[in-house]
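Enquirer: Here it is, the structure in full.
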Amino acid sequence: GDSVTQMEGPVTLSEEAFLTINCTYTATGYPSLFWYVQYPGEGLQLLLKATKADDKGSNKGFEATYRKETTSFHLEKGSVQVSDSAVYFCALRPSGGYQKVTFGTGTKLQVIP
Amino acid sequence: EAGVTQFPSHSVIEKGQTVTLRCDPISGHDNLYWYRRVMGKEIKFLLHFVKESKQDESGMPNNRFLAERTGGTYSTLKVQPAELEDSGVYFCASSQTNRQNTEAFFGQGTRLTVV
């Protein structure tokens with residue numbers, strides 16, 4: 001079945017450091033790929049998405065590129081801020097529109113001043 | 001426009017008691033999903049409603065869990081009787097039906113603690 005593997009946390013970075021959170025997936029066909037974020041005390045929010053190979057999703061300075069050849073969707077940000085502290089979830093949804101989303105275990109990011 | 005709303009935000013109950021979680025999807029969204037995150041693990045799918053019908057309930061852990069969506073609007077997830085391993089955060093999400101690859105919007109979750 002479908003699965004998502006992401007790097008375990010927690011990840012602690014200093015403000016303005018470079019961030020990479022690795023994510024790889026297993027799925028048949030061409031799933032859509034997502035990064036969700038959960039800030040403290042809030043619900044899950046869609047951070048960015050990519051629906052086909054070589055697409056780059058971006059939002060709030062975060063980027064991730066859909067790499068079919070390596071089945072990866074790594075999340076990156078050039079300069080993190082304290083306000084980026086949250087739990088980040090990589091996820092996929094099979095092609096077909098209405099299918100369920102499969103999530104990774106989540107990576108907790110803490111950014112210190 | 002109101003987002004997905006879940007109630008309560010937190011619930012602490014004793015083992016053996018019953019708890020009912022509620023989810024109000026975004027108005028007009030036919031698809032409603034329940035997910036659960038047990039401490040430190042991945043967010044796992046529980047079930048999917050299309051309007052009032054259960055489209056996929058393959059993720060429901062056992063028969064102590066009962067989900068309903070009468071009238072195709074809000075949904076409830078009842079756990080009876082609750083066990084310690086049911087503790088976690090329960091998320092609800094909704095999405096539209098009339099577009100391919102449409103985003104699912106999530107609620108803030110209900111944190112359930114069984115003691």
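Just remember, in the structure tokens the first chain shown is A, the second B, etc., residues are 1-based per chain, and ligands are 1-based in the order shown.
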Residues at most 8 Å from Tyr66 of chain A, counting only C-alpha atoms, excluding those fewer than 6 positions away in the same chain, as an NGL selection string?
Expert: :A and (33 or 50-56 or 72-73)
Enquirer: Selection from above, C-alpha atoms, as a CSV table (one decimal), in the first residue's frame, can you write it?
Expert:
chain,number,residue,atom,x,y,z
A,33,LEU,CA,2.1,15.3,-2.8
A,50,ALA,CA,2.5,19.4,-6.1
A,51,THR,CA,0.4,17.3,-8.4
A,52,LYS,CA,2.8,16.0,-11.0
A,53,ALA,CA,6.4,15.2,-11.5
A,54,ASP,CA,8.9,18.1,-11.5
A,55,ASP,CA,6.3,20.5,-10.1
A,56,LYS,CA,7.5,22.8,-7.4
A,72,SER,CA,10.9,12.3,-2.9
A,73,PHE,CA,9.3,15.6,-1.9
Enquirer: With a distance cut-off of 6 Å and only C-alpha atoms, select the neighbouring residues of Ser95 of chain B, excluding the residue or stretch itself and same-chain residues fewer than 2 positions from it, and output the selection as an MDAnalysis selection string.
Expert: chainID B and resid 29 31 104
Enquirer: Atoms to include: all heavy atoms. Write the selected residues as an mmCIF file, in the first residue's frame.
Expert:
data_model
loop_
_atom_site.group_PDB
_atom_site.id
_atom_site.type_symbol
_atom_site.label_atom_id
_atom_site.label_comp_id
_atom_site.auth_asym_id
_atom_site.auth_seq_id
_atom_site.Cartn_x
_atom_site.Cartn_y
_atom_site.Cartn_z
ATOM 1 N N HIS B 29 -19.489 20.890 1.374
ATOM 2 C CA HIS B 29 -18.508 19.819 1.138
ATOM 3 C C HIS B 29 -19.166 18.460 1.378
ATOM 4 O O HIS B 29 -19.569 18.148 2.491
ATOM 5 C CB HIS B 29 -17.305 19.988 2.074
ATOM 6 C CG HIS B 29 -16.354 21.035 1.635
ATOM 7 N ND1 HIS B 29 -15.089 21.171 2.171
ATOM 8 C CD2 HIS B 29 -16.455 21.999 0.691
ATOM 9 C CE1 HIS B 29 -14.468 22.173 1.582
ATOM 10 N NE2 HIS B 29 -15.276 22.702 0.687
ATOM 11 N N ASN B 31 -17.597 15.491 0.898
ATOM 12 C CA ASN B 31 -16.626 14.539 1.447
ATOM 13 C C ASN B 31 -16.232 14.929 2.864
ATOM 14 O O ASN B 31 -15.889 16.086 3.125
ATOM 15 C CB ASN B 31 -15.363 14.495 0.586
ATOM 16 C CG ASN B 31 -15.628 13.943 -0.790
ATOM 17 O OD1 ASN B 31 -15.876 12.771 -0.957
ATOM 18 N ND2 ASN B 31 -15.585 14.810 -1.788
ATOM 19 N N ALA B 104 -8.233 19.022 0.731
ATOM 20 C CA ALA B 104 -9.008 18.685 1.916
ATOM 21 C C ALA B 104 -8.653 19.679 3.005
ATOM 22 O O ALA B 104 -7.477 19.944 3.255
ATOM 23 C CB ALA B 104 -8.710 17.259 2.373
#
Enquirer: Pick out the residues sitting within 9 Å of Ile112 of chain A, and hand them over as JSON, numbers by chain; count only C-alpha atoms, and ignore anything fewer than 2 positions along from it in its own chain.
Expert: {"A": [12, 13, 14, 15, 81, 82, 85, 110]}
Enquirer: Set the distance at 9 Å and use only C-alpha atoms: which residues neighbour Thr102 of chain A once local chain neighbours fewer than 3 positions away are removed? I'd like the list as a VMD selection string.
Expert: (chain A and resid 2 to 4 90 to 94) or (chain B and resid 42 to 45)
Enquirer: The selected residues should be written to file as a compact mmCIF listing (two decimals), in the first residue's frame (atoms: all heavy atoms).
Expert:
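After the write, selection35.txt holds the following:
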# COMPACT_ATOMS: atom_id res chain seq x y z
N ASP A 2 0.18 2.38 -0.06
CA ASP A 2 0.87 3.65 -0.06
C ASP A 2 1.51 3.93 1.29
O ASP A 2 0.97 3.57 2.34
CB ASP A 2 -0.11 4.78 -0.38
CG ASP A 2 -0.72 4.64 -1.76
OD1 ASP A 2 -0.15 3.90 -2.59
OD2 ASP A 2 -1.78 5.25 -2.00
N SER A 3 2.65 4.60 1.26
CA SER A 3 3.31 4.97 2.51
C SER A 3 4.15 6.22 2.31
O SER A 3 4.56 6.53 1.19
CB SER A 3 4.18 3.84 3.05
OG SER A 3 5.27 3.60 2.20
N VAL A 4 4.40 6.92 3.40
CA VAL A 4 5.23 8.13 3.40
C VAL A 4 6.23 8.01 4.54
O VAL A 4 5.85 7.68 5.67
CB VAL A 4 4.37 9.39 3.59
CG1 VAL A 4 5.25 10.62 3.71
CG2 VAL A 4 3.38 9.55 2.45
N CYS A 90 4.49 15.34 5.87
CA CYS A 90 4.49 15.04 4.44
C CYS A 90 3.32 14.08 4.16
O CYS A 90 3.01 13.22 5.01
CB CYS A 90 5.82 14.40 4.06
SG CYS A 90 6.04 14.12 2.30
N ALA A 91 2.69 14.22 3.01
CA ALA A 91 1.51 13.40 2.75
C ALA A 91 1.33 13.18 1.25
O ALA A 91 1.85 13.95 0.44
CB ALA A 91 0.25 14.06 3.33
N LEU A 92 0.60 12.14 0.91
CA LEU A 92 0.26 11.90 -0.49
C LEU A 92 -1.20 11.52 -0.62
O LEU A 92 -1.82 11.03 0.32
CB LEU A 92 1.17 10.82 -1.10
CG LEU A 92 1.01 9.36 -0.65
CD1 LEU A 92 -0.13 8.64 -1.38
CD2 LEU A 92 2.30 8.60 -0.92
N ARG A 93 -1.73 11.76 -1.80
CA ARG A 93 -3.06 11.29 -2.13
C ARG A 93 -3.01 10.68 -3.52
O ARG A 93 -2.51 11.31 -4.45
CB ARG A 93 -4.09 12.42 -2.09
CG ARG A 93 -5.53 11.91 -2.23
CD ARG A 93 -6.52 13.03 -2.19
NE ARG A 93 -6.37 13.89 -3.35
CZ ARG A 93 -6.36 15.23 -3.27
NH1 ARG A 93 -6.48 15.82 -2.14
NH2 ARG A 93 -6.21 15.93 -4.37
N PRO A 94 -3.51 9.46 -3.66
CA PRO A 94 -3.45 8.81 -4.99
C PRO A 94 -4.19 9.63 -6.03
O PRO A 94 -5.09 10.42 -5.70
CB PRO A 94 -4.14 7.47 -4.76
CG PRO A 94 -4.08 7.25 -3.29
CD PRO A 94 -4.13 8.60 -2.66
N GLU B 42 2.20 8.55 12.89
CA GLU B 42 1.62 9.20 11.73
C GLU B 42 0.12 9.44 11.93
O GLU B 42 -0.51 8.81 12.77
CB GLU B 42 1.86 8.39 10.46
CG GLU B 42 1.09 7.10 10.36
CD GLU B 42 1.83 5.91 10.91
OE1 GLU B 42 2.64 6.10 11.86
OE2 GLU B 42 1.61 4.81 10.40
N ILE B 43 -0.41 10.33 11.13
CA ILE B 43 -1.84 10.59 11.13
C ILE B 43 -2.47 9.50 10.27
O ILE B 43 -2.16 9.37 9.09
CB ILE B 43 -2.15 11.97 10.54
CG1 ILE B 43 -1.47 13.06 11.39
CG2 ILE B 43 -3.64 12.19 10.48
CD1 ILE B 43 -1.56 14.44 10.76
N LYS B 44 -3.35 8.72 10.87
CA LYS B 44 -3.92 7.57 10.16
C LYS B 44 -5.37 7.81 9.78
O LYS B 44 -6.16 8.32 10.58
CB LYS B 44 -3.81 6.31 11.01
CG LYS B 44 -2.42 5.69 11.03
CD LYS B 44 -2.46 4.27 11.57
CE LYS B 44 -1.13 3.58 11.36
NZ LYS B 44 -1.13 2.20 11.85
N PHE B 45 -5.71 7.39 8.61
CA PHE B 45 -7.06 7.47 8.10
C PHE B 45 -7.98 6.54 8.87
O PHE B 45 -7.62 5.40 9.17
CB PHE B 45 -7.05 7.10 6.61
CG PHE B 45 -8.40 6.85 6.01
CD1 PHE B 45 -9.18 7.92 5.57
CD2 PHE B 45 -8.89 5.57 5.86
CE1 PHE B 45 -10.41 7.70 4.99
CE2 PHE B 45 -10.12 5.33 5.28
CZ PHE B 45 -10.88 6.41 4.84
Enquirer: Residues at most 12 Å from Val4 of chain B, counting only C-alpha atoms, excluding those fewer than 6 positions away in the same chain, as a ChimeraX atom specification?
Expert: /A:43-45 /B:22-29,31-34,73-75,91-95,104-109
Enquirer: How about saving the chosen residues, C-alpha atoms kept, as a PDB file, in the first residue's frame?
Expert:
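Output file result_17.pdb is given in full below:
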ATOM      1  CA  GLY A  43      -5.262  22.534  13.277  1.00  0.00           C
ATOM      2  CA  LEU A  44      -3.597  21.090  10.212  1.00  0.00           C
ATOM      3  CA  GLN A  45      -2.992  23.564   7.420  1.00  0.00           C
TER       4      GLN A  45
ATOM      5  CA  ARG B  22     -18.310  16.102  16.525  1.00  0.00           C
ATOM      6  CA  CYS B  23     -17.194  17.556  13.222  1.00  0.00           C
ATOM      7  CA  ASP B  24     -18.891  20.303  11.228  1.00  0.00           C
ATOM      8  CA  PRO B  25     -17.469  20.371   7.694  1.00  0.00           C
ATOM      9  CA  ILE B  26     -17.322  23.373   5.437  1.00  0.00           C
ATOM     10  CA  SER B  27     -20.777  24.063   4.064  1.00  0.00           C
ATOM     11  CA  GLY B  28     -21.321  22.345   0.724  1.00  0.00           C
ATOM     12  CA  HIS B  29     -18.508  19.819   1.138  1.00  0.00           C
ATOM     13  CA  ASN B  31     -16.626  14.539   1.447  1.00  0.00           C
ATOM     14  CA  LEU B  32     -15.875  14.199   5.141  1.00  0.00           C
ATOM     15  CA  TYR B  33     -12.904  12.295   6.557  1.00  0.00           C
ATOM     16  CA  TRP B  34     -11.852  11.254  10.030  1.00  0.00           C
ATOM     17  CA  THR B  73     -24.020  17.542   7.243  1.00  0.00           C
ATOM     18  CA  TYR B  74     -22.116  17.209  10.507  1.00  0.00           C
ATOM     19  CA  SER B  75     -20.571  13.949  11.644  1.00  0.00           C
ATOM     20  CA  PHE B  91      -8.831  15.200  13.017  1.00  0.00           C
ATOM     21  CA  CYS B  92     -11.722  15.798  10.694  1.00  0.00           C
ATOM     22  CA  ALA B  93     -11.385  17.063   7.126  1.00  0.00           C
ATOM     23  CA  SER B  94     -13.758  17.949   4.334  1.00  0.00           C
ATOM     24  CA  SER B  95     -13.514  18.533   0.606  1.00  0.00           C
ATOM     25  CA  ALA B 104      -9.008  18.685   1.916  1.00  0.00           C
ATOM     26  CA  PHE B 105      -9.454  21.237   4.722  1.00  0.00           C
ATOM     27  CA  PHE B 106      -8.705  20.075   8.230  1.00  0.00           C
ATOM     28  CA  GLY B 107     -10.145  21.057  11.574  1.00  0.00           C
ATOM     29  CA  GLN B 108      -8.116  21.884  14.657  1.00  0.00           C
ATOM     30  CA  GLY B 109      -8.544  18.380  16.038  1.00  0.00           C
TER      31      GLY B 109
END
Enquirer: Under the rule that only C-alpha atoms are counted, which of A:Gly104, A:Glu69, A:Gly61, A:Gln99 is the nearest residue to Phe18 of chain A?
Expert: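 Distance minimum relative to Phe18 of chain A lands on A:Gly61.
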Enquirer: Which residue out of B:Glu14, B:Glu83, B:Glu52, B:Glu103 has the minimum interatomic distance to chain A when only C-alpha atoms are used?
Expert: B:Glu103
Enquirer: Grab the atom CA of Phe65 of chain B to atom CA of Lys51 of chain B distance for me, in Å with one decimal place.
Expert: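 Atom-to-atom, atom CA of Phe65 of chain B to atom CA of Lys51 of chain B, that is 19.3 Å.
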Enquirer: Go ahead and compute the interatomic distance for atom CA of Asp30 of chain B and atom CA of Leu46 of chain A, in Å to one decimal.
Expert: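 Answer for the atom CA of Asp30 of chain B to atom CA of Leu46 of chain A separation: 19.4 Å.
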Enquirer: Near Thr113 of chain B, counting only C-alpha atoms, which residues have an atom at most 9 Å away, once you skip same-chain residues fewer than 5 positions from it, shown as JSON, numbers by chain?
Expert: {"B": [10, 11, 12, 13, 14, 84, 86, 87, 88, 89]}
Enquirer: Would you mind exporting all heavy atoms of the selected residues as a compact mmCIF listing (two decimals), in the first residue's frame?
Expert:
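As written to disk, result.txt reads:
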# COMPACT_ATOMS: atom_id res chain seq x y z
N HIS B 10 -10.72 19.43 23.58
CA HIS B 10 -10.05 18.49 24.46
C HIS B 10 -11.11 17.66 25.20
O HIS B 10 -12.18 18.18 25.52
CB HIS B 10 -9.18 19.19 25.52
CG HIS B 10 -8.02 19.93 24.96
ND1 HIS B 10 -8.12 21.20 24.47
CD2 HIS B 10 -6.72 19.57 24.81
CE1 HIS B 10 -6.93 21.61 24.06
NE2 HIS B 10 -6.07 20.64 24.25
N SER B 11 -10.76 16.41 25.49
CA SER B 11 -11.65 15.57 26.30
C SER B 11 -10.80 14.60 27.09
O SER B 11 -9.93 13.92 26.54
CB SER B 11 -12.63 14.82 25.40
OG SER B 11 -13.49 14.01 26.17
N VAL B 12 -11.07 14.55 28.39
CA VAL B 12 -10.38 13.59 29.25
C VAL B 12 -11.46 12.70 29.86
O VAL B 12 -12.38 13.20 30.53
CB VAL B 12 -9.58 14.29 30.37
CG1 VAL B 12 -8.88 13.24 31.24
CG2 VAL B 12 -8.56 15.25 29.78
N ILE B 13 -11.37 11.41 29.61
CA ILE B 13 -12.38 10.48 30.13
C ILE B 13 -11.69 9.28 30.75
O ILE B 13 -10.52 9.01 30.48
CB ILE B 13 -13.35 10.02 29.03
CG1 ILE B 13 -12.60 9.26 27.93
CG2 ILE B 13 -14.12 11.19 28.46
CD1 ILE B 13 -13.52 8.59 26.93
N GLU B 14 -12.45 8.56 31.54
CA GLU B 14 -11.91 7.35 32.16
C GLU B 14 -12.13 6.16 31.25
O GLU B 14 -13.09 6.12 30.47
CB GLU B 14 -12.56 7.11 33.51
CG GLU B 14 -12.19 8.17 34.56
CD GLU B 14 -12.78 7.85 35.90
OE1 GLU B 14 -13.61 6.92 36.00
OE2 GLU B 14 -12.42 8.53 36.89
N LEU B 84 -7.45 2.82 26.86
CA LEU B 84 -6.29 3.69 26.98
C LEU B 84 -5.65 3.98 25.62
O LEU B 84 -5.22 5.12 25.35
CB LEU B 84 -5.24 3.08 27.91
CG LEU B 84 -5.67 2.83 29.35
CD1 LEU B 84 -4.54 2.18 30.14
CD2 LEU B 84 -6.12 4.12 30.02
N ASP B 86 -6.91 4.44 22.88
CA ASP B 86 -7.68 5.34 22.02
C ASP B 86 -7.22 6.79 22.16
O ASP B 86 -7.67 7.66 21.41
CB ASP B 86 -9.18 5.27 22.35
CG ASP B 86 -9.73 3.86 22.18
OD1 ASP B 86 -9.18 3.10 21.34
OD2 ASP B 86 -10.69 3.51 22.89
N SER B 87 -6.37 7.05 23.11
CA SER B 87 -5.87 8.41 23.31
C SER B 87 -5.13 8.89 22.07
O SER B 87 -4.39 8.13 21.44
CB SER B 87 -4.93 8.46 24.52
OG SER B 87 -5.60 8.14 25.71
N GLY B 88 -5.35 10.15 21.73
CA GLY B 88 -4.69 10.72 20.57
C GLY B 88 -5.43 11.97 20.12
O GLY B 88 -6.33 12.45 20.81
N VAL B 89 -5.04 12.47 18.97
CA VAL B 89 -5.73 13.63 18.40
C VAL B 89 -6.53 13.15 17.20
O VAL B 89 -6.00 12.51 16.29
CB VAL B 89 -4.74 14.72 17.96
CG1 VAL B 89 -5.50 15.91 17.39
CG2 VAL B 89 -3.88 15.16 19.14
Enquirer: Please, which residues of chain B, numbered as in this document, come out strand (DSSP E) from DSSP, as a PyMOL selection string?
Expert: chain B and resi 5-7+10-13+19-24+31-37+43-50+53-56+65-68+75-79+88-95+105-106+110-114
Enquirer: Record the distance separating atom CA of Tyr90 of chain B and atom CA of Arg36 of chain B, expressed in Å with one decimal.
Expert: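 Taking atom CA of Tyr90 of chain B and atom CA of Arg36 of chain B, their separation equals 4.4 Å.
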Enquirer: For chain B, which residue out of A:Pro40, A:Gly106, A:Gly57, A:Pro10 is the nearest one, using only C-alpha atoms?
Expert: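 Looking at the shortest contact to chain B, the residue is A:Gly106.
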Enquirer: Just checking: using only C-alpha atoms, which residue out of B:Gly40, B:Pro8, B:Gly16, B:Gly3 ends up closest to chain A?
Expert: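 Comparing B:Gly40, B:Pro8, B:Gly16, B:Gly3 against chain A, the winner is B:Gly40.
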Enquirer: So, with only C-alpha atoms as the atoms that count, which of A:Asn22, A:Ala86, A:Phe34, A:Arg67 lies closest to chain B?
Expert: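 Using only C-alpha atoms, the shortest distance to chain B belongs to A:Phe34.
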Enquirer: Go through A:Gly41, A:Ile21, A:Gly29, A:Glu63 one by one, measure the shortest atom-to-atom distance of each to Gly9 of chain A using only C-alpha atoms, and give the residue with the smallest value.
Expert: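 Counting only C-alpha atoms, the residue closest to Gly9 of chain A is A:Ile21.
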